[in-house]
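**Q** So here's query.cif, just mmCIF, C-alpha atoms, pLDDT in the B column; chains and numbers go by the auth columns:
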```cif
data_final
loop_
_atom_site.group_PDB
_atom_site.id
_atom_site.type_symbol
_atom_site.label_atom_id
_atom_site.label_comp_id
_atom_site.label_asym_id
_atom_site.label_seq_id
_atom_site.Cartn_x
_atom_site.Cartn_y
_atom_site.Cartn_z
_atom_site.B_iso_or_equiv
_atom_site.auth_seq_id
_atom_site.auth_asym_id
ATOM 1 C CA MET A 1 154.775 115.923 -26.648 58.00 80 A
ATOM 2 C CA ASP A 2 158.010 116.777 -24.996 66.00 81 A
ATOM 3 C CA PHE A 3 161.131 115.575 -26.748 69.00 82 A
ATOM 4 C CA GLU A 4 163.876 116.609 -24.392 73.00 83 A
ATOM 5 C CA ASN A 5 166.557 114.672 -26.231 74.00 84 A
ATOM 6 C CA PHE A 6 167.458 112.616 -29.271 73.00 85 A
ATOM 7 C CA GLU A 7 166.735 109.319 -27.505 80.00 86 A
ATOM 8 C CA LYS A 8 163.164 110.369 -26.622 82.00 87 A
ATOM 9 C CA ILE A 9 162.482 111.138 -30.282 80.00 88 A
ATOM 10 C CA LEU A 10 163.770 107.708 -31.251 81.00 89 A
ATOM 11 C CA GLU A 11 161.628 105.994 -28.582 88.00 90 A
ATOM 12 C CA PHE A 12 158.546 107.803 -29.893 87.00 91 A
ATOM 13 C CA ALA A 13 159.346 106.899 -33.506 86.00 92 A
ATOM 14 C CA ILE A 14 160.006 103.248 -32.587 91.00 93 A
ATOM 15 C CA GLU A 15 156.594 103.062 -30.894 93.00 94 A
ATOM 16 C CA LYS A 16 154.983 104.473 -34.051 90.00 95 A
ATOM 17 C CA GLU A 17 156.777 101.898 -36.214 90.00 96 A
ATOM 18 C CA GLN A 18 155.595 99.107 -33.900 95.00 97 A
ATOM 19 C CA GLU A 19 152.014 100.395 -34.221 94.00 98 A
ATOM 20 C CA ALA A 20 152.410 100.357 -38.000 92.00 99 A
ATOM 21 C CA VAL A 21 153.660 96.744 -37.933 95.00 100 A
ATOM 22 C CA ARG A 22 150.582 95.718 -35.956 95.00 101 A
ATOM 23 C CA PHE A 23 148.322 97.671 -38.324 92.00 102 A
ATOM 24 C CA TYR A 24 149.695 96.017 -41.475 92.00 103 A
ATOM 25 C CA GLU A 25 149.729 92.564 -39.894 94.00 104 A
ATOM 26 C CA GLU A 26 146.091 93.050 -38.898 90.00 105 A
ATOM 27 C CA LEU A 27 145.204 94.126 -42.445 88.00 106 A
ATOM 28 C CA SER A 28 147.011 91.098 -43.820 89.00 107 A
ATOM 29 C CA SER A 29 145.201 88.692 -41.509 89.00 108 A
ATOM 30 C CA GLN A 30 141.824 90.158 -42.485 84.00 109 A
ATOM 31 C CA GLU A 31 142.411 90.634 -46.210 76.00 110 A
ATOM 32 C CA ALA A 32 140.650 88.155 -48.489 72.00 111 A
ATOM 33 C CA TYR A 33 142.562 89.253 -51.592 71.00 112 A
ATOM 34 C CA ALA A 34 145.738 87.095 -51.726 75.00 113 A
ATOM 35 C CA ALA A 35 147.904 89.775 -53.327 75.00 114 A
ATOM 36 C CA GLY A 36 146.674 92.191 -50.658 79.00 115 A
ATOM 37 C CA LYS A 37 147.686 89.829 -47.856 85.00 116 A
ATOM 38 C CA GLU A 38 151.176 89.557 -49.315 88.00 117 A
ATOM 39 C CA ARG A 39 151.450 93.308 -49.933 87.00 118 A
ATOM 40 C CA PHE A 40 150.477 94.160 -46.348 90.00 119 A
ATOM 41 C CA LEU A 41 152.968 91.651 -44.970 93.00 120 A
ATOM 42 C CA GLU A 42 155.601 93.393 -47.101 91.00 121 A
ATOM 43 C CA PHE A 43 154.626 96.721 -45.558 90.00 122 A
ATOM 44 C CA ALA A 44 154.795 95.186 -42.066 93.00 123 A
ATOM 45 C CA ALA A 45 158.304 93.929 -42.876 94.00 124 A
ATOM 46 C CA GLU A 46 159.253 97.403 -44.129 88.00 125 A
ATOM 47 C CA GLU A 47 158.024 98.934 -40.864 90.00 126 A
ATOM 48 C CA ARG A 48 160.078 96.365 -38.925 93.00 127 A
ATOM 49 C CA LYS A 49 163.135 97.442 -40.914 88.00 128 A
ATOM 50 C CA HIS A 50 162.433 101.043 -39.962 84.00 129 A
ATOM 51 C CA GLU A 51 162.095 100.042 -36.322 89.00 130 A
ATOM 52 C CA GLU A 52 165.453 98.255 -36.482 87.00 131 A
ATOM 53 C CA MET A 53 167.023 101.186 -38.287 81.00 132 A
ATOM 54 C CA LEU A 54 165.765 103.540 -35.574 82.00 133 A
ATOM 55 C CA ARG A 55 167.107 101.254 -32.848 85.00 134 A
ATOM 56 C CA ASN A 56 170.548 101.564 -34.456 82.00 135 A
ATOM 57 C CA PHE A 57 170.219 105.226 -35.400 75.00 136 A
ATOM 58 C CA THR A 58 172.862 107.665 -34.229 71.00 137 A
ATOM 59 C CA LYS A 59 173.335 111.397 -34.475 68.00 138 A
ATOM 60 C CA GLU A 60 176.050 110.712 -37.010 70.00 139 A
ATOM 61 C CA ASN A 61 173.456 109.193 -39.380 69.00 140 A
ATOM 62 C CA LEU A 62 171.813 112.598 -39.573 68.00 141 A
ATOM 63 C CA GLU A 63 174.911 114.127 -41.115 70.00 142 A
ATOM 64 C CA ASN A 64 174.351 112.082 -44.292 68.00 143 A
ATOM 65 C CA PHE A 65 170.605 112.700 -44.440 67.00 144 A
ATOM 66 C CA GLU A 66 169.352 114.331 -47.613 69.00 145 A
ATOM 67 C CA SER A 67 165.916 115.824 -47.581 70.00 146 A
ATOM 68 C CA ALA A 68 165.051 115.175 -51.228 77.00 147 A
ATOM 69 C CA PRO A 69 161.359 115.635 -51.972 84.00 148 A
ATOM 70 C CA VAL A 70 159.149 112.591 -52.460 87.00 149 A
ATOM 71 C CA PRO A 71 156.382 112.892 -55.068 85.00 150 A
ATOM 72 C CA ASP A 72 152.854 113.031 -53.658 84.00 151 A
ATOM 73 C CA LEU A 73 150.016 111.607 -55.743 82.00 152 A
ATOM 74 C CA LYS A 74 147.546 113.096 -53.220 81.00 153 A
ATOM 75 C CA ARG A 75 145.178 110.210 -53.810 80.00 154 A
ATOM 76 C CA SER A 76 144.435 109.747 -50.096 84.00 155 A
ATOM 77 C CA ASP A 77 144.309 113.493 -49.411 83.00 156 A
ATOM 78 C CA TYR A 78 140.812 113.675 -50.862 82.00 157 A
ATOM 79 C CA ALA A 79 139.447 110.554 -49.195 85.00 158 A
ATOM 80 C CA VAL A 80 137.263 110.737 -46.125 84.00 159 A
ATOM 81 C CA ASP A 81 138.534 109.200 -42.885 86.00 160 A
ATOM 82 C CA PHE A 82 136.962 105.856 -42.055 83.00 161 A
ATOM 83 C CA ASN A 83 137.708 102.827 -39.897 85.00 162 A
ATOM 84 C CA TYR A 84 138.763 99.398 -40.996 82.00 163 A
ATOM 85 C CA SER A 85 136.237 96.612 -40.996 83.00 164 A
ATOM 86 C CA PRO A 86 136.660 93.116 -42.417 79.00 165 A
ATOM 87 C CA GLY A 87 135.378 92.803 -45.947 81.00 166 A
ATOM 88 C CA LEU A 88 136.303 96.295 -47.117 85.00 167 A
ATOM 89 C CA PRO A 89 137.136 96.384 -50.809 87.00 168 A
ATOM 90 C CA TYR A 90 140.875 96.210 -51.502 86.00 169 A
ATOM 91 C CA SER A 91 140.865 99.771 -52.868 88.00 170 A
ATOM 92 C CA ASP A 92 139.365 101.059 -49.592 90.00 171 A
ATOM 93 C CA VAL A 93 141.955 99.165 -47.556 89.00 172 A
ATOM 94 C CA LEU A 94 144.694 100.786 -49.642 91.00 173 A
ATOM 95 C CA ILE A 95 143.143 104.221 -49.089 92.00 174 A
ATOM 96 C CA LEU A 96 142.916 103.544 -45.352 91.00 175 A
ATOM 97 C CA ALA A 97 146.593 102.549 -45.226 92.00 176 A
ATOM 98 C CA ALA A 98 147.608 105.600 -47.308 93.00 177 A
ATOM 99 C CA LYS A 99 145.588 107.843 -44.965 93.00 178 A
ATOM 100 C CA ARG A 100 147.508 106.391 -42.041 91.00 179 A
ATOM 101 C CA GLU A 101 150.816 107.179 -43.729 92.00 180 A
ATOM 102 C CA GLU A 102 149.514 110.649 -44.635 93.00 181 A
ATOM 103 C CA LYS A 103 148.756 111.351 -40.958 91.00 182 A
ATOM 104 C CA ALA A 104 152.175 110.098 -39.865 90.00 183 A
ATOM 105 C CA LEU A 105 153.770 112.318 -42.506 92.00 184 A
ATOM 106 C CA ALA A 106 151.782 115.313 -41.239 91.00 185 A
ATOM 107 C CA LEU A 107 152.736 114.572 -37.628 87.00 186 A
ATOM 108 C CA TYR A 108 156.457 114.309 -38.326 87.00 187 A
ATOM 109 C CA SER A 109 156.360 117.391 -40.572 91.00 188 A
ATOM 110 C CA ALA A 110 154.649 119.427 -37.846 89.00 189 A
ATOM 111 C CA LEU A 111 157.147 118.195 -35.261 84.00 190 A
ATOM 112 C CA ALA A 112 160.012 119.166 -37.578 87.00 191 A
ATOM 113 C CA GLU A 113 158.609 122.693 -37.883 88.00 192 A
ATOM 114 C CA LYS A 114 158.329 123.012 -34.100 84.00 193 A
ATOM 115 C CA ALA A 115 161.695 121.469 -33.312 81.00 194 A
ATOM 116 C CA GLU A 116 163.905 123.722 -31.250 79.00 195 A
ATOM 117 C CA MET A 117 167.162 121.931 -32.009 79.00 196 A
ATOM 118 C CA GLU A 118 168.686 121.157 -35.407 81.00 197 A
ATOM 119 C CA GLU A 119 169.119 117.449 -34.666 77.00 198 A
ATOM 120 C CA GLN A 120 165.433 117.188 -33.707 79.00 199 A
ATOM 121 C CA ARG A 121 164.371 118.931 -36.899 83.00 200 A
ATOM 122 C CA LYS A 122 166.555 116.640 -39.000 82.00 201 A
ATOM 123 C CA ILE A 123 165.280 113.405 -37.487 80.00 202 A
ATOM 124 C CA PHE A 124 161.651 114.492 -37.840 84.00 203 A
ATOM 125 C CA GLU A 125 162.299 115.458 -41.456 88.00 204 A
ATOM 126 C CA PHE A 126 163.897 112.053 -42.004 84.00 205 A
ATOM 127 C CA LEU A 127 160.884 110.292 -40.483 84.00 206 A
ATOM 128 C CA ALA A 128 158.473 112.434 -42.513 90.00 207 A
ATOM 129 C CA ARG A 129 160.315 111.475 -45.685 90.00 208 A
ATOM 130 C CA GLU A 130 160.046 107.775 -44.835 87.00 209 A
ATOM 131 C CA GLU A 131 156.296 108.143 -44.315 89.00 210 A
ATOM 132 C CA ALA A 132 156.027 110.062 -47.606 93.00 211 A
ATOM 133 C CA LYS A 133 157.690 107.111 -49.356 91.00 212 A
ATOM 134 C CA HIS A 134 155.142 104.714 -47.824 90.00 213 A
ATOM 135 C CA LYS A 135 152.271 106.967 -48.854 93.00 214 A
ATOM 136 C CA LEU A 136 153.610 107.149 -52.405 94.00 215 A
ATOM 137 C CA ALA A 137 153.975 103.360 -52.579 92.00 216 A
ATOM 138 C CA LEU A 138 150.418 102.791 -51.358 92.00 217 A
ATOM 139 C CA GLU A 139 148.947 105.408 -53.677 92.00 218 A
ATOM 140 C CA THR A 140 150.855 103.913 -56.604 93.00 219 A
ATOM 141 C CA ILE A 141 149.488 100.456 -55.772 91.00 220 A
ATOM 142 C CA LEU A 142 146.022 102.006 -55.501 90.00 221 A
ATOM 143 C CA ASP A 143 146.365 103.701 -58.895 90.00 222 A
ATOM 144 C CA ASP A 144 147.532 100.450 -60.500 90.00 223 A
ATOM 145 C CA HIS A 145 144.692 98.514 -58.867 88.00 224 A
ATOM 146 C CA MET A 146 142.076 101.049 -59.940 88.00 225 A
ATOM 147 C CA ALA A 147 143.422 100.989 -63.518 90.00 226 A
ATOM 148 C CA LYS A 148 143.097 97.184 -63.562 88.00 227 A
ATOM 149 C CA ILE A 149 139.465 97.316 -62.475 86.00 228 A
ATOM 150 C CA GLY A 150 138.693 100.152 -64.868 80.00 229 A
ATOM 151 C CA ASP A 151 138.461 103.212 -62.645 71.00 230 A
#
```
Will you turn the file into structure tokens for me?

**A**
Amino acid sequence: MDFENFEKILEFAIEKEQEAVRFYEELSSQEAYAAGKERFLEFAAEERKHEEMLRNFTKENLENFESAPVPDLKRSDYAVDFNYSPGLPYSDVLILAAKREEKALALYSALAEKAEMEEQRKIFEFLAREEAKHKLALETILDDHMAKIGD
């Protein structure tokens, strides 16, 4: 991937957010569990907000960016990769979604490490942090769900 300028990074990130919207909308349309449907629509809305934020993002926004660490429950880190299929248990759907966020986090973190310019590094770190927040939210939901069902 060649990110010759700030705008190319934003275009790439916007495409990734659009993919995430489609992913969560698809999960919502397939999910039998009512709370799951609602939760995935909330995540789709969150991804839309990120897309909008990226569309309005400027270099000046990076000046106020703080790279505070986001806790990692590592729940999805130990799960095996698998594909979505209708009828998956809610816990598996949550793991699948957390794995997706985990991969996005890893991608943006790797891009930040390889960035040649400070502004590139900062925006990739910002995007990685956003994905880390999503991963944390999904893993927290998963933990709460598993506690309810006695796991």

**Q** Have a look at atom CA of Leu173 of chain A and atom CA of Glu218 of chain A and let me know their distance in Å, one decimal.

**A**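 Interatomic distance, atom CA of Leu173 of chain A to atom CA of Glu218 of chain A: 7.5 Å.
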
**Q** Rounded to one decimal in Å, what is the spacing between atom CA of Lys116 of chain A and atom CA of Ile93 of chain A?

**A**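 Atom-to-atom, atom CA of Lys116 of chain A to atom CA of Ile93 of chain A, that is 23.8 Å.
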
**Q** Expand the PyMOL selection byres ((chain A and resi 207) around 10) into the individual residues it matches in the shown file, reporting them as a VMD selection string.

**A** chain A and resid 146 149 180 to 191 201 to 206 208 to 213

**Q** Based on the selection just made, write C-alpha atoms of those residues as an mmCIF file, in the coordinates of the input.

**A**
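Wrote it out as selection-v2.cif, contents follow:
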```cif
data_model
loop_
_atom_site.group_PDB
_atom_site.id
_atom_site.type_symbol
_atom_site.label_atom_id
_atom_site.label_comp_id
_atom_site.auth_asym_id
_atom_site.auth_seq_id
_atom_site.Cartn_x
_atom_site.Cartn_y
_atom_site.Cartn_z
ATOM 1 C CA SER A 146 165.916 115.824 -47.581
ATOM 2 C CA VAL A 149 159.149 112.591 -52.460
ATOM 3 C CA GLU A 180 150.816 107.179 -43.729
ATOM 4 C CA GLU A 181 149.514 110.649 -44.635
ATOM 5 C CA LYS A 182 148.756 111.351 -40.958
ATOM 6 C CA ALA A 183 152.175 110.098 -39.865
ATOM 7 C CA LEU A 184 153.770 112.318 -42.506
ATOM 8 C CA ALA A 185 151.782 115.313 -41.239
ATOM 9 C CA LEU A 186 152.736 114.572 -37.628
ATOM 10 C CA TYR A 187 156.457 114.309 -38.326
ATOM 11 C CA SER A 188 156.360 117.391 -40.572
ATOM 12 C CA ALA A 189 154.649 119.427 -37.846
ATOM 13 C CA LEU A 190 157.147 118.195 -35.261
ATOM 14 C CA ALA A 191 160.012 119.166 -37.578
ATOM 15 C CA LYS A 201 166.555 116.640 -39.000
ATOM 16 C CA ILE A 202 165.280 113.405 -37.487
ATOM 17 C CA PHE A 203 161.651 114.492 -37.840
ATOM 18 C CA GLU A 204 162.299 115.458 -41.456
ATOM 19 C CA PHE A 205 163.897 112.053 -42.004
ATOM 20 C CA LEU A 206 160.884 110.292 -40.483
ATOM 21 C CA ARG A 208 160.315 111.475 -45.685
ATOM 22 C CA GLU A 209 160.046 107.775 -44.835
ATOM 23 C CA GLU A 210 156.296 108.143 -44.315
ATOM 24 C CA ALA A 211 156.027 110.062 -47.606
ATOM 25 C CA LYS A 212 157.690 107.111 -49.356
ATOM 26 C CA HIS A 213 155.142 104.714 -47.824
#
```

**Q** Report, in Å to a single decimal, how far apart atom CA of Arg154 of chain A and atom CA of Gly229 of chain A are.

**A**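 Rounded to one decimal, the two atoms are 16.3 Å apart.
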
**Q** Report as a list in words the full result of the PyMOL selection byres ((chain A and resi 161) around 12) when it is applied to this structure.

**A**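 With the PyMOL selection byres ((chain A and resi 161) around 12) on this model, the match is Ser155, Ala158, Val159, Asp160, Asn162, Tyr163, Ser164, Leu167, Asp171, Val172, Leu173, Ile174, Leu175, Ala176, Ala177, Lys178 and Arg179 of chain A.
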
**Q** Nearest to Glu110 of chain A among A:Ala216, A:His129, A:Ser170, A:Glu192, with distances taken over only C-alpha atoms: which residue is it?

**A**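 The answer is A:Ser170, which sits nearest to Glu110 of chain A.
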
**Q** May I have the centre and edge lengths, in Å to one decimal, of an axis-aligned box around the listed atoms of segment 151-164 of chain A with 3 Å added to every side, as JSON?

**A**
```
{"center_x": 144.5, "center_y": 105.1, "center_z": -47.8, "size_x": 22.6, "size_y": 23.1, "size_z": 21.8}
```

**Q** Find, counting all atoms listed in the file, the residue in A:Phe136, A:Phe122, A:His224, A:Asp156 that gets nearest to Glu86 of chain A.

**A**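 Closest to Glu86 of chain A, using all atoms listed in the file: A:Phe136.
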
**Q** Of the candidates A:Ala123, A:Ser108, A:Glu117, A:Glu131, which one gets nearest to Leu89 of chain A if we count only C-alpha atoms?

**A**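 With only C-alpha atoms as the atom set, the closest residue is A:Glu131.
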
**Q** Measuring atom to atom with all atoms listed in the file, identify which of A:Arg118, A:Glu197, A:Lys128, A:Asn135 is nearest to Leu217 of chain A.

**A**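 Between A:Arg118, A:Glu197, A:Lys128, A:Asn135, the residue approaching Leu217 of chain A most closely is A:Arg118.
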
**Q** Which one is closest to Ala194 of chain A: A:Leu120, A:Ile88, A:Leu221, A:Met132? Count all atoms listed in the file.

**A**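 That would be A:Ile88, the residue with the smallest distance to Ala194 of chain A.
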
**Q** Give the answer as one residue: which of A:Ser107, A:Thr219, A:Gln97, A:Asn84 has the shortest atom-to-atom distance to Arg200 of chain A, using all atoms listed in the file?

**A**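 Closest residue, counting all atoms listed in the file: A:Asn84.
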
**Q** Could you state which residues are captured by the PyMOL selection byres ((chain A and resi 151) around 8) in this file, as a list in words?

**A**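 The output of the PyMOL selection byres ((chain A and resi 151) around 8) on this file is Val149, Pro150, Leu152, Lys153, Ala211, Lys214 and Leu215 of chain A.
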
**Q** For a cutoff of 9 Å around the file-coordinate point (156.2, 101.8, -36.7), which residues qualify once you count all atoms listed in the file? I'd like the result as an mmCIF file with C-alpha atoms, in the coordinates of the input.

**A**
```cif
data_model
loop_
_atom_site.group_PDB
_atom_site.id
_atom_site.type_symbol
_atom_site.label_atom_id
_atom_site.label_comp_id
_atom_site.auth_asym_id
_atom_site.auth_seq_id
_atom_site.Cartn_x
_atom_site.Cartn_y
_atom_site.Cartn_z
ATOM 1 C CA ALA A 92 159.346 106.899 -33.506
ATOM 2 C CA ILE A 93 160.006 103.248 -32.587
ATOM 3 C CA GLU A 94 156.594 103.062 -30.894
ATOM 4 C CA LYS A 95 154.983 104.473 -34.051
ATOM 5 C CA GLU A 96 156.777 101.898 -36.214
ATOM 6 C CA GLN A 97 155.595 99.107 -33.900
ATOM 7 C CA GLU A 98 152.014 100.395 -34.221
ATOM 8 C CA ALA A 99 152.410 100.357 -38.000
ATOM 9 C CA VAL A 100 153.660 96.744 -37.933
ATOM 10 C CA ARG A 101 150.582 95.718 -35.956
ATOM 11 C CA ALA A 123 154.795 95.186 -42.066
ATOM 12 C CA GLU A 126 158.024 98.934 -40.864
ATOM 13 C CA ARG A 127 160.078 96.365 -38.925
ATOM 14 C CA HIS A 129 162.433 101.043 -39.962
ATOM 15 C CA GLU A 130 162.095 100.042 -36.322
#
```
